[in-house]
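Visitor: What follows is entry-v8.txt; its format and atoms are compact mmCIF, C-alpha atoms.
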```txt
# COMPACT_ATOMS: atom_id res chain seq x y z
CA MET A 86 2.87 5.04 -17.76
CA ASN A 87 4.92 5.18 -14.55
CA LYS A 88 4.38 8.36 -12.55
CA TYR A 89 6.93 7.72 -9.79
CA SER A 90 10.30 7.58 -11.52
CA LEU A 91 11.94 10.32 -9.46
CA GLY A 92 10.72 9.02 -6.11
CA LEU A 93 11.93 5.50 -6.83
CA TRP A 94 15.29 6.72 -8.13
CA VAL A 95 15.86 8.71 -4.95
CA ALA A 96 14.74 5.73 -2.85
CA ALA A 97 17.16 3.45 -4.65
CA LEU A 98 20.06 5.84 -4.03
CA SER A 99 19.22 6.23 -0.35
CA LEU A 100 19.03 2.51 0.49
CA GLY A 101 21.97 1.07 2.40
CA CYS A 102 22.87 -1.91 4.53
CA SER A 103 20.60 -2.45 7.48
CA GLY A 104 23.27 -4.06 9.66
CA GLU A 105 23.85 -7.72 10.37
CA PRO A 106 21.08 -10.01 9.15
CA GLN A 107 18.84 -11.23 11.95
CA SER A 108 18.30 -14.92 12.54
CA VAL A 109 15.72 -16.55 10.35
CA GLY A 110 13.74 -19.52 11.51
CA PRO A 111 10.31 -20.76 12.53
CA ASP A 112 10.44 -18.87 15.82
CA ALA A 113 11.94 -15.63 14.55
CA SER A 114 9.93 -12.47 15.09
CA PRO A 115 9.35 -9.58 12.69
CA VAL A 116 10.93 -6.20 13.42
CA THR A 117 7.67 -4.62 14.49
CA THR A 118 4.29 -5.93 15.52
CA GLY A 119 0.93 -4.27 15.75
CA ILE A 120 -0.20 -0.78 14.87
CA GLU A 121 2.07 0.80 17.48
CA GLY A 122 5.09 -0.70 15.74
CA GLU A 123 4.08 0.73 12.40
CA SER A 124 3.57 4.18 13.91
CA ALA A 125 7.16 4.07 15.15
CA VAL A 126 8.31 2.99 11.72
CA ARG A 127 6.59 5.91 10.05
CA ALA A 128 8.01 8.35 12.59
CA ALA A 129 11.47 6.97 11.86
CA VAL A 130 11.00 7.24 8.12
CA GLN A 131 9.61 10.76 8.43
CA PRO A 132 11.42 12.54 11.30
CA GLY A 133 9.14 14.60 13.47
CA GLY A 134 6.12 12.48 12.57
CA ALA A 135 4.02 12.16 9.43
CA THR A 136 4.31 14.73 6.71
CA ARG A 137 1.70 15.63 4.15
CA GLU A 138 2.76 13.63 1.10
CA CYS A 139 -0.43 13.72 -0.92
CA PHE A 140 1.13 12.01 -3.94
CA ARG A 141 0.98 8.77 -1.94
CA TYR A 142 -2.79 8.72 -2.49
CA ASP A 143 -2.66 9.11 -6.27
CA SER A 144 -3.07 5.36 -6.82
CA TYR A 145 -6.24 5.35 -4.72
CA LEU A 146 -7.62 8.30 -6.69
CA ALA A 147 -6.83 6.49 -9.95
CA ALA A 148 -8.73 3.43 -8.68
CA LEU A 149 -11.61 5.69 -7.63
CA GLY A 150 -11.77 7.14 -11.15
CA GLU A 151 -11.93 3.66 -12.70
CA LEU A 152 -14.69 2.61 -10.31
CA THR A 153 -16.67 5.80 -10.98
CA ALA A 154 -16.56 5.17 -14.74
CA GLN A 155 -17.72 1.59 -14.20
CA CYS A 156 -20.46 2.79 -11.85
CA LEU A 157 -21.96 5.73 -13.74
CA GLY A 158 -20.50 5.72 -17.24
CA THR A 159 -18.99 9.14 -16.64
CA VAL A 160 -16.18 10.67 -14.58
CA ASP A 161 -16.72 14.11 -13.06
CA SER A 162 -14.94 15.70 -10.09
CA ARG A 163 -18.28 17.19 -9.02
CA LEU A 164 -19.75 13.74 -8.34
CA TYR A 165 -18.17 13.83 -4.87
CA HIS A 166 -18.58 16.25 -1.98
CA VAL A 167 -17.27 16.79 1.54
CA GLY A 168 -19.63 15.29 4.10
CA GLU A 169 -20.42 16.57 7.58
CA ASP A 170 -17.62 14.36 8.92
CA GLY A 171 -15.11 16.19 6.72
CA LEU A 172 -14.51 13.17 4.48
CA LEU A 173 -14.81 12.92 0.72
CA THR A 174 -18.14 11.24 -0.03
CA PRO A 175 -19.97 10.19 -3.22
CA SER A 176 -22.97 12.35 -4.10
CA PHE A 177 -24.73 9.29 -5.57
CA ARG A 178 -26.16 6.32 -3.71
CA SER A 179 -26.05 3.55 -6.28
CA CYS A 180 -24.28 2.35 -9.40
CA PRO A 181 -26.76 1.80 -12.23
CA LEU A 182 -24.20 0.23 -14.59
CA ASP A 183 -22.69 -2.17 -12.04
CA PRO A 184 -24.21 -2.25 -8.53
CA SER A 185 -21.10 -3.94 -7.11
CA ARG A 186 -19.03 -0.80 -7.74
CA MET A 187 -20.71 1.11 -4.90
CA SER A 188 -19.11 -1.06 -2.24
CA LYS A 189 -15.76 -0.82 -4.01
CA ILE A 190 -15.96 2.98 -4.08
CA LYS A 191 -16.62 3.03 -0.34
CA GLN A 192 -13.73 0.64 0.24
CA VAL A 193 -11.30 2.95 -1.56
CA LEU A 194 -12.61 5.99 0.32
CA SER A 195 -12.15 4.15 3.64
CA VAL A 196 -8.45 5.05 3.39
CA GLN A 197 -9.51 8.41 4.87
CA ARG A 198 -10.45 6.68 8.13
CA ARG A 199 -7.30 4.67 8.74
CA GLY A 200 -5.53 7.10 11.04
CA GLU A 201 -1.76 6.99 11.37
CA ARG A 202 -1.46 4.25 8.77
CA ALA A 203 -2.75 6.70 6.13
CA PRO A 204 -1.71 10.14 7.46
CA PHE A 205 -3.54 13.14 6.00
CA ALA A 206 -5.55 10.94 3.62
CA ALA A 207 -8.79 12.84 4.17
CA GLU A 208 -7.12 16.25 3.86
CA CYS A 209 -5.30 15.21 0.69
CA LEU A 210 -8.37 13.80 -1.03
CA VAL A 211 -10.60 16.71 -0.06
CA GLU A 212 -8.08 19.33 -1.17
CA ARG A 213 -7.51 17.54 -4.48
CA PHE A 214 -11.23 17.43 -5.23
CA GLU A 215 -11.97 20.98 -4.14
CA ALA A 216 -9.19 22.33 -6.37
CA ALA A 217 -10.32 20.22 -9.33
CA GLN A 218 -13.96 21.22 -8.86
CA GLU A 219 -13.03 24.90 -8.81
CA GLU A 220 -11.00 24.51 -12.00
CA LEU A 221 -13.75 22.49 -13.69
CA ASN A 222 -16.42 25.06 -12.84
CA ALA A 223 -14.20 27.85 -14.17
CA SER A 224 -13.69 25.95 -17.44
CA GLY A 225 -17.34 26.32 -18.40
CA ILE A 226 -17.79 22.56 -18.81
CA THR A 227 -21.29 21.86 -17.56
CA SER A 228 -21.62 18.26 -18.72
CA CYS A 229 -18.84 15.68 -18.74
CA PRO A 230 -18.40 12.99 -21.41
CA THR A 231 -19.85 9.52 -21.24
CA TRP A 232 -17.36 6.68 -20.92
CA SER A 233 -17.51 3.12 -22.26
CA LYS A 234 -14.64 0.64 -21.94
CA SER A 235 -13.37 -0.58 -25.29
CA ARG A 236 -10.76 -3.06 -24.10
CA VAL A 237 -8.02 -3.84 -21.60
CA ILE A 238 -4.61 -3.12 -23.11
CA ASN A 239 -2.34 -4.71 -20.51
CA ALA A 240 -4.32 -7.52 -18.92
CA ILE A 241 -2.19 -8.84 -16.08
CA GLY A 242 -1.76 -12.60 -16.33
CA HIS A 243 0.89 -15.24 -15.75
CA ASP A 244 3.01 -14.10 -18.71
CA THR A 245 3.19 -10.53 -17.40
CA ILE A 246 3.94 -11.58 -13.83
CA ALA A 247 6.64 -13.99 -15.04
CA VAL A 248 8.44 -10.99 -16.55
CA VAL A 249 7.99 -9.01 -13.32
CA GLU A 250 9.30 -11.90 -11.21
CA ARG A 251 12.64 -11.79 -12.99
CA SER A 252 13.08 -8.18 -11.86
CA LEU A 253 12.16 -8.71 -8.20
CA SER A 254 14.85 -9.64 -5.70
CA GLU A 255 14.32 -11.14 -2.29
CA PRO A 256 13.95 -8.86 0.75
CA SER A 257 16.58 -9.23 3.46
CA ALA A 258 16.63 -11.42 6.54
CA GLU A 259 13.18 -11.17 8.07
CA VAL A 260 10.44 -13.72 8.42
CA ASP A 261 7.02 -13.32 6.94
CA ALA A 262 5.26 -10.97 9.35
CA ARG A 263 1.83 -12.52 8.86
CA LEU A 264 1.87 -15.56 11.13
CA SER A 265 -1.86 -16.24 10.92
CA VAL A 266 -1.67 -19.98 11.32
CA ASP A 267 -5.41 -20.16 12.01
CA ALA A 268 -6.35 -18.88 8.54
CA PRO A 269 -7.93 -21.46 6.20
CA GLY A 270 -5.23 -23.55 4.55
CA VAL A 271 -2.38 -21.76 6.36
CA THR A 272 0.14 -23.59 8.52
CA ARG A 273 3.36 -22.31 10.00
CA ALA A 274 5.24 -24.52 7.54
CA SER A 275 3.52 -22.79 4.61
CA LEU A 276 4.66 -19.32 5.63
CA THR A 277 7.49 -17.83 3.62
CA LEU A 278 10.88 -17.33 5.23
CA LEU A 279 12.88 -14.65 3.51
CA ASP A 280 16.45 -15.16 2.36
CA SER A 281 19.23 -13.61 4.38
CA GLY A 282 21.52 -11.22 2.56
CA SER A 283 21.88 -7.63 1.50
CA GLU A 284 19.20 -4.95 1.32
CA LEU A 285 16.57 -5.46 -1.34
CA ALA A 286 17.34 -3.41 -4.42
CA ALA A 287 14.61 -1.19 -5.84
CA PRO A 288 12.76 -2.89 -8.71
CA PRO A 289 13.43 -1.47 -12.17
CA LEU A 290 11.00 1.32 -12.99
CA ASN A 291 9.35 -0.66 -15.78
CA VAL A 292 8.05 -3.15 -13.18
CA PHE A 293 5.40 -0.62 -12.17
CA ASP A 294 4.48 -0.04 -15.81
CA LEU A 295 3.87 -3.78 -16.14
CA LEU A 296 1.73 -3.80 -12.99
CA GLU A 297 -0.59 -1.09 -14.28
CA GLU A 298 -3.52 -2.70 -16.09
CA ASN A 299 -4.23 -0.17 -18.84
CA SER A 300 -7.78 0.19 -20.13
CA LEU A 301 -8.94 1.99 -23.24
CA TYR A 302 -12.19 3.95 -22.93
CA ARG A 303 -14.20 5.56 -25.69
CA VAL A 304 -15.56 8.94 -24.60
CA THR A 305 -18.26 11.08 -26.21
CA SER A 306 -19.24 14.62 -25.28
CA PRO A 307 -22.13 16.87 -26.32
CA LEU A 308 -19.81 19.83 -25.63
CA GLU A 309 -17.18 18.89 -28.20
CA GLY A 310 -16.26 22.12 -29.94
CA LYS A 311 -18.06 24.12 -27.23
CA GLY A 312 -15.49 24.57 -24.49
CA CYS A 313 -13.71 21.28 -25.26
CA GLU A 314 -11.20 20.77 -28.05
CA SER A 315 -12.19 17.11 -28.13
CA ALA A 316 -14.10 14.57 -26.08
CA SER A 317 -10.82 13.12 -24.77
CA ALA A 318 -9.59 16.58 -23.69
CA CYS A 319 -12.90 17.24 -21.97
CA ALA A 320 -12.74 13.84 -20.24
CA ALA A 321 -9.24 14.57 -18.93
CA THR A 322 -10.38 17.93 -17.51
CA CYS A 323 -13.43 16.36 -15.87
CA ALA A 324 -11.27 13.61 -14.34
CA LYS A 325 -8.53 15.86 -13.00
CA ALA A 326 -9.37 15.14 -9.35
CA PHE A 327 -8.69 11.45 -9.96
CA THR A 328 -4.93 11.92 -10.18
CA GLY A 329 -3.17 9.30 -12.26
CA PHE A 330 -6.40 7.85 -13.67
CA VAL A 331 -6.16 9.29 -17.19
CA VAL A 332 -2.62 8.77 -18.45
CA GLY A 333 -3.06 9.67 -22.10
CA ALA A 334 -5.32 9.99 -25.11
CA LYS A 335 -5.50 7.95 -28.30
CA GLY A 336 -7.13 10.40 -30.63
CA PRO A 337 -10.01 12.77 -29.95
CA GLN A 338 -12.41 10.18 -28.54
CA GLU A 339 -10.33 7.66 -26.58
CA VAL A 340 -8.47 7.84 -23.27
CA VAL A 341 -6.11 5.41 -21.53
CA THR A 342 -6.29 4.63 -17.79
CA ASP A 343 -4.02 2.55 -15.54
CA PRO A 344 -5.02 1.32 -12.05
CA ILE A 345 -2.24 -0.52 -10.20
CA ALA A 346 -2.32 -4.30 -9.63
CA TRP A 347 -2.98 -4.41 -5.86
CA LEU A 348 -6.00 -2.12 -6.22
CA THR A 349 -7.72 -4.32 -8.81
CA ASP A 350 -10.55 -6.52 -7.55
CA THR A 351 -10.10 -9.61 -9.74
CA THR A 352 -10.83 -12.94 -8.07
CA TYR A 353 -9.75 -16.40 -9.22
CA LYS A 354 -11.22 -19.89 -9.01
CA THR A 355 -8.01 -21.47 -7.68
CA SER A 356 -4.61 -20.38 -6.46
CA LEU A 357 -3.06 -21.73 -9.66
CA GLU A 358 -5.12 -19.28 -11.70
CA ASP A 359 -3.95 -16.28 -9.65
CA PRO A 360 -0.80 -14.87 -11.28
CA TYR A 361 -0.04 -12.91 -8.11
CA LEU A 362 0.39 -16.20 -6.21
CA ARG A 363 3.31 -17.30 -8.38
CA ALA A 364 6.20 -18.62 -6.28
CA THR A 365 8.51 -15.59 -6.30
CA TYR A 366 6.10 -12.72 -6.96
CA TYR A 367 5.14 -10.11 -4.39
CA HIS A 368 3.40 -6.75 -4.74
CA PRO A 369 6.34 -4.29 -4.37
CA MET A 370 4.18 -1.83 -2.45
CA SER A 371 6.96 -0.49 -0.21
CA TYR A 372 8.67 1.02 -3.27
CA TYR A 373 5.65 2.58 -4.94
CA GLY A 374 6.31 6.31 -4.91
CA GLY A 375 9.48 5.79 -2.87
CA VAL A 376 9.93 4.62 0.73
CA PRO A 377 7.76 3.84 2.66
CA GLY A 378 5.41 3.23 -0.27
CA VAL A 379 1.74 2.33 0.18
CA VAL A 380 0.10 -0.24 2.44
CA PHE A 381 -3.54 -0.66 1.36
CA GLY A 382 -5.01 -2.64 -1.53
CA ASP A 383 -8.33 -4.06 -2.64
CA PRO A 384 -9.81 -6.59 -0.17
CA ASN A 385 -9.62 -9.31 -2.82
CA ARG A 386 -5.84 -9.25 -2.67
CA ALA A 387 -6.18 -10.72 0.84
CA GLU A 388 -8.82 -13.20 -0.35
CA PRO A 389 -7.92 -13.73 -4.02
CA CYS A 390 -10.26 -16.71 -4.44
CA GLY A 391 -13.03 -15.21 -2.33
CA PRO A 392 -13.84 -15.61 1.38
CA ASN A 393 -13.54 -18.95 3.18
CA THR A 394 -11.31 -20.56 0.56
CA THR A 395 -7.93 -22.27 0.79
CA CYS A 396 -6.13 -19.67 -1.34
CA LEU A 397 -3.42 -17.87 0.62
CA PRO A 398 -3.39 -14.07 0.68
CA GLU A 399 -1.04 -12.56 -1.88
CA LEU A 400 2.47 -11.51 -0.88
CA CYS A 401 3.58 -7.89 -0.61
CA THR A 402 6.33 -5.76 0.94
CA TYR A 403 6.17 -3.04 3.57
CA TYR A 404 8.96 -0.86 4.92
CA ALA A 405 10.22 -1.04 8.50
CA GLY A 406 13.83 0.08 8.24
CA SER A 407 14.20 -2.60 5.57
CA HIS A 408 11.73 -4.07 3.09
CA ILE A 409 9.79 -6.93 4.67
CA LYS A 410 7.75 -9.45 2.73
CA THR A 411 4.49 -10.59 4.24
CA ARG A 412 0.99 -11.61 3.20
CA MET A 413 -1.85 -9.18 2.71
CA GLN A 414 -4.27 -9.07 5.65
CA MET A 415 -7.98 -8.33 5.57
CA ASP A 416 -8.47 -5.06 7.43
CA CYS A 417 -12.08 -4.03 8.15
CA LEU A 418 -12.82 -0.91 10.17
CA ILE A 419 -16.13 -2.50 11.17
CA PRO A 420 -15.94 -6.31 11.42
CA GLY A 421 -18.33 -7.91 8.97
CA ASP A 422 -18.97 -4.69 7.02
CA ILE A 423 -17.31 -5.29 3.65
CA GLU A 424 -17.69 -1.62 2.67
CA THR A 425 -15.13 -0.71 5.36
CA CYS A 426 -12.58 -3.32 4.30
CA ALA A 427 -9.23 -3.13 2.53
CA SER A 428 -6.25 -5.43 2.28
CA TYR A 429 -3.30 -4.30 4.37
CA CYS A 430 0.42 -4.88 3.91
CA GLY A 431 2.16 -4.40 7.23
CA PRO A 432 2.84 -5.86 10.67
CA PRO A 433 0.22 -8.29 12.02
CA LEU A 434 -3.02 -6.58 12.94
CA PRO A 435 -4.61 -7.16 16.36
CA LYS A 436 -7.25 -9.84 16.25
CA PRO A 437 -10.78 -8.35 16.35
```
Written as structure tokens, how would this file's structure read?
Guide:
Amino acid sequence: MNKYSLGLWVAALSLGCSGEPQSVGPDASPVTTGIEGESAVRAAVQPGGATRECFRYDSYLAALGELTAQCLGTVDSRLYHVGEDGLLTPSFRSCPLDPSRMSKIKQVLSVQRRGERAPFAAECLVERFEAAQEELNASGITSCPTWSKSRVINAIGHDTIAVVERSLSEPSAEVDARLSVDAPGVTRASLTLLDSGSELAAPPLNVFDLLEENSLYRVTSPLEGKGCESASACAATCAKAFTGFVVGAKGPQEVVTDPIAWLTDTTYKTSLEDPYLRATYYHPMSYYGGVPGVVFGDPNRAEPCGPNTTCLPELCTYYAGSHIKTRMQMDCLIPGDIETCASYCGPPLPKP
């Protein structure tokens, strides 16, 4: 279920021509480079500097909810607290159901430490959780339901992405901003040059529905009938901090969730298996929630076949006065520490 219809509609109405197309060729340069360039972009998009637009972090909270369910078999706003550094932090140290989920949880929460590229992320996440915890405590719910995944409803594969591709147009005259010719398997000739022409039109709203991989969970609660109308109602209340995670219920004991494509952590054996590496597909991140969209994804979107492979990073768009297509970059706050990593869609990052 798409939660950003209004923002995208407004963004589509506000888009206009960006002037004469710039030259496109092997030596052309992107509009902005480096973190300083992106800061200027955000100031231009939001006059007077960054504004607190907490809805931009809903997709990260939805991903956090999915990971928490996979980690602990339950979803409860009280499972997180504010640490001494003022950041939202898990109150648990391991994931008994799937140990790999702990690193993924920390990767999602690292958005709080990304400065101007994720303005007010920490404040937004903390405020969301504190409000949800207060509401949950007032509800009288002392124990949240257990969750078990029944099935994936909208598994994203080549058939789904083929439908999405037909709805995506080409961004205007800019070159791929990620000129990392020293990456494995990457040469300057392999980098995508974007078509010249008019401003990229906003994708149809159903594109984002198709890019949300819905999962069906069965939930059970010992409190059913004691403060909860049903296990699914209780689960939704317990998960309220994870905005956008629970999108509906299918009866009293099932809930539907929908993390977005670029925050999934699927890896593939080869580039041909990765539906996101289809010829004309890109993650339309610059439109998600309206301009300027979002810029961070799961690290595996920058290394879709795993580290040290020949698979190229997946394509995406970021906003810099126009929508620019580039490849996802691995972005680690601490080099070599995977728990601080995300994929990043934006101007080229400085080399570590």
Visitor: Quick one: everything within 9 Å of Trp347 of chain A, counting all atoms listed in the file, minus sequence neighbours fewer than 3 positions away in the same chain. Send it as a compact mmCIF listing (two decimals) with C-alpha atoms, in the frame of the given file.
Guide:
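Ended up saving to part-v3.txt:
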```txt
# COMPACT_ATOMS: atom_id res chain seq x y z
CA LEU A 296 1.73 -3.80 -12.99
CA PRO A 344 -5.02 1.32 -12.05
CA ASP A 350 -10.55 -6.52 -7.55
CA HIS A 368 3.40 -6.75 -4.74
CA MET A 370 4.18 -1.83 -2.45
CA PHE A 381 -3.54 -0.66 1.36
CA GLY A 382 -5.01 -2.64 -1.53
CA ASP A 383 -8.33 -4.06 -2.64
CA ASN A 385 -9.62 -9.31 -2.82
CA ARG A 386 -5.84 -9.25 -2.67
CA SER A 428 -6.25 -5.43 2.28
```
Visitor: Please, what distance in Å, to one decimal, runs between atom CA of Val304 of chain A and atom CA of Lys189 of chain A?
Guide: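 Interatomic distance, atom CA of Val304 of chain A to atom CA of Lys189 of chain A: 22.8 Å.
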Visitor: For Gln218 of chain A, please output as a count of residues only all residues within 8 Å (counting all atoms listed in the file; exclusion window: fewer than 5 positions along the same chain).
Guide: 3
Visitor: How many Å separate atom CA of Gly168 of chain A from atom CA of Val379 of chain A?
Guide: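 Between these atoms lies a distance of 25.3 Å.
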Visitor: Please identify all polymer residues within 6 Å of segment 241-253 of chain A, counting only C-alpha atoms, omitting same-chain residues fewer than 3 positions from it, and present them as a PyMOL selection string.
Guide: chain A and resi 288+292+360+366
Visitor: Can you tell me how far atom CA of Asn393 of chain A sits from atom CA of Glu424 of chain A, in Å to one decimal?
Guide: 17.8 Å
Visitor: Closest to Leu348 of chain A among A:Cys396, A:Ala217, A:Leu418, A:Ala387, using all atoms listed in the file?
Guide: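 Among the listed residues, A:Ala387 lies closest to Leu348 of chain A.
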Visitor: For a quick check of understanding, using all atoms listed in the file, which of A:Leu400, A:Val340, A:Val160, A:Val331 has the smallest distance to Thr365 of chain A?
Guide: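 The answer is A:Leu400, which sits nearest to Thr365 of chain A.
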Visitor: Which residues are near Val193 of chain A? Cut-off 8 Å, only C-alpha atoms, ignore same chain within fewer than 6 positions. Put them as a list of chain:residue names.
Guide: A:Tyr145, A:Ala148, A:Leu149, A:Asp383, A:Ala427
Visitor: Hey, what's within 8 Å of Pro181 of chain A if we count only C-alpha atoms and toss same-chain stuff fewer than 3 positions away? As a list in words, please?
Guide: Cys156, Leu157 and Pro184 of chain A
Visitor: From the set A:Asp359, A:Thr153, A:Pro384, A:Val196, which residue has the shortest atom-to-atom contact distance to Ser176 of chain A, counting all atoms listed in the file?
Guide: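 Nearest to Ser176 of chain A: A:Thr153.
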Visitor: Counting only C-alpha atoms, which residues have an atom no more than 7 Å from (-8.4, -0.9, -16.5) in the file's coordinates? Please list them as an mmCIF file with C-alpha atoms, in the coordinates of the input.
Guide:
```
data_model
loop_
_atom_site.group_PDB
_atom_site.id
_atom_site.type_symbol
_atom_site.label_atom_id
_atom_site.label_comp_id
_atom_site.auth_asym_id
_atom_site.auth_seq_id
_atom_site.Cartn_x
_atom_site.Cartn_y
_atom_site.Cartn_z
ATOM 1 C CA GLU A 151 -11.930 3.660 -12.700
ATOM 2 C CA VAL A 237 -8.020 -3.840 -21.600
ATOM 3 C CA GLU A 298 -3.520 -2.700 -16.090
ATOM 4 C CA ASN A 299 -4.230 -0.170 -18.840
ATOM 5 C CA SER A 300 -7.780 0.190 -20.130
ATOM 6 C CA THR A 342 -6.290 4.630 -17.790
ATOM 7 C CA ASP A 343 -4.020 2.550 -15.540
ATOM 8 C CA PRO A 344 -5.020 1.320 -12.050
#
```
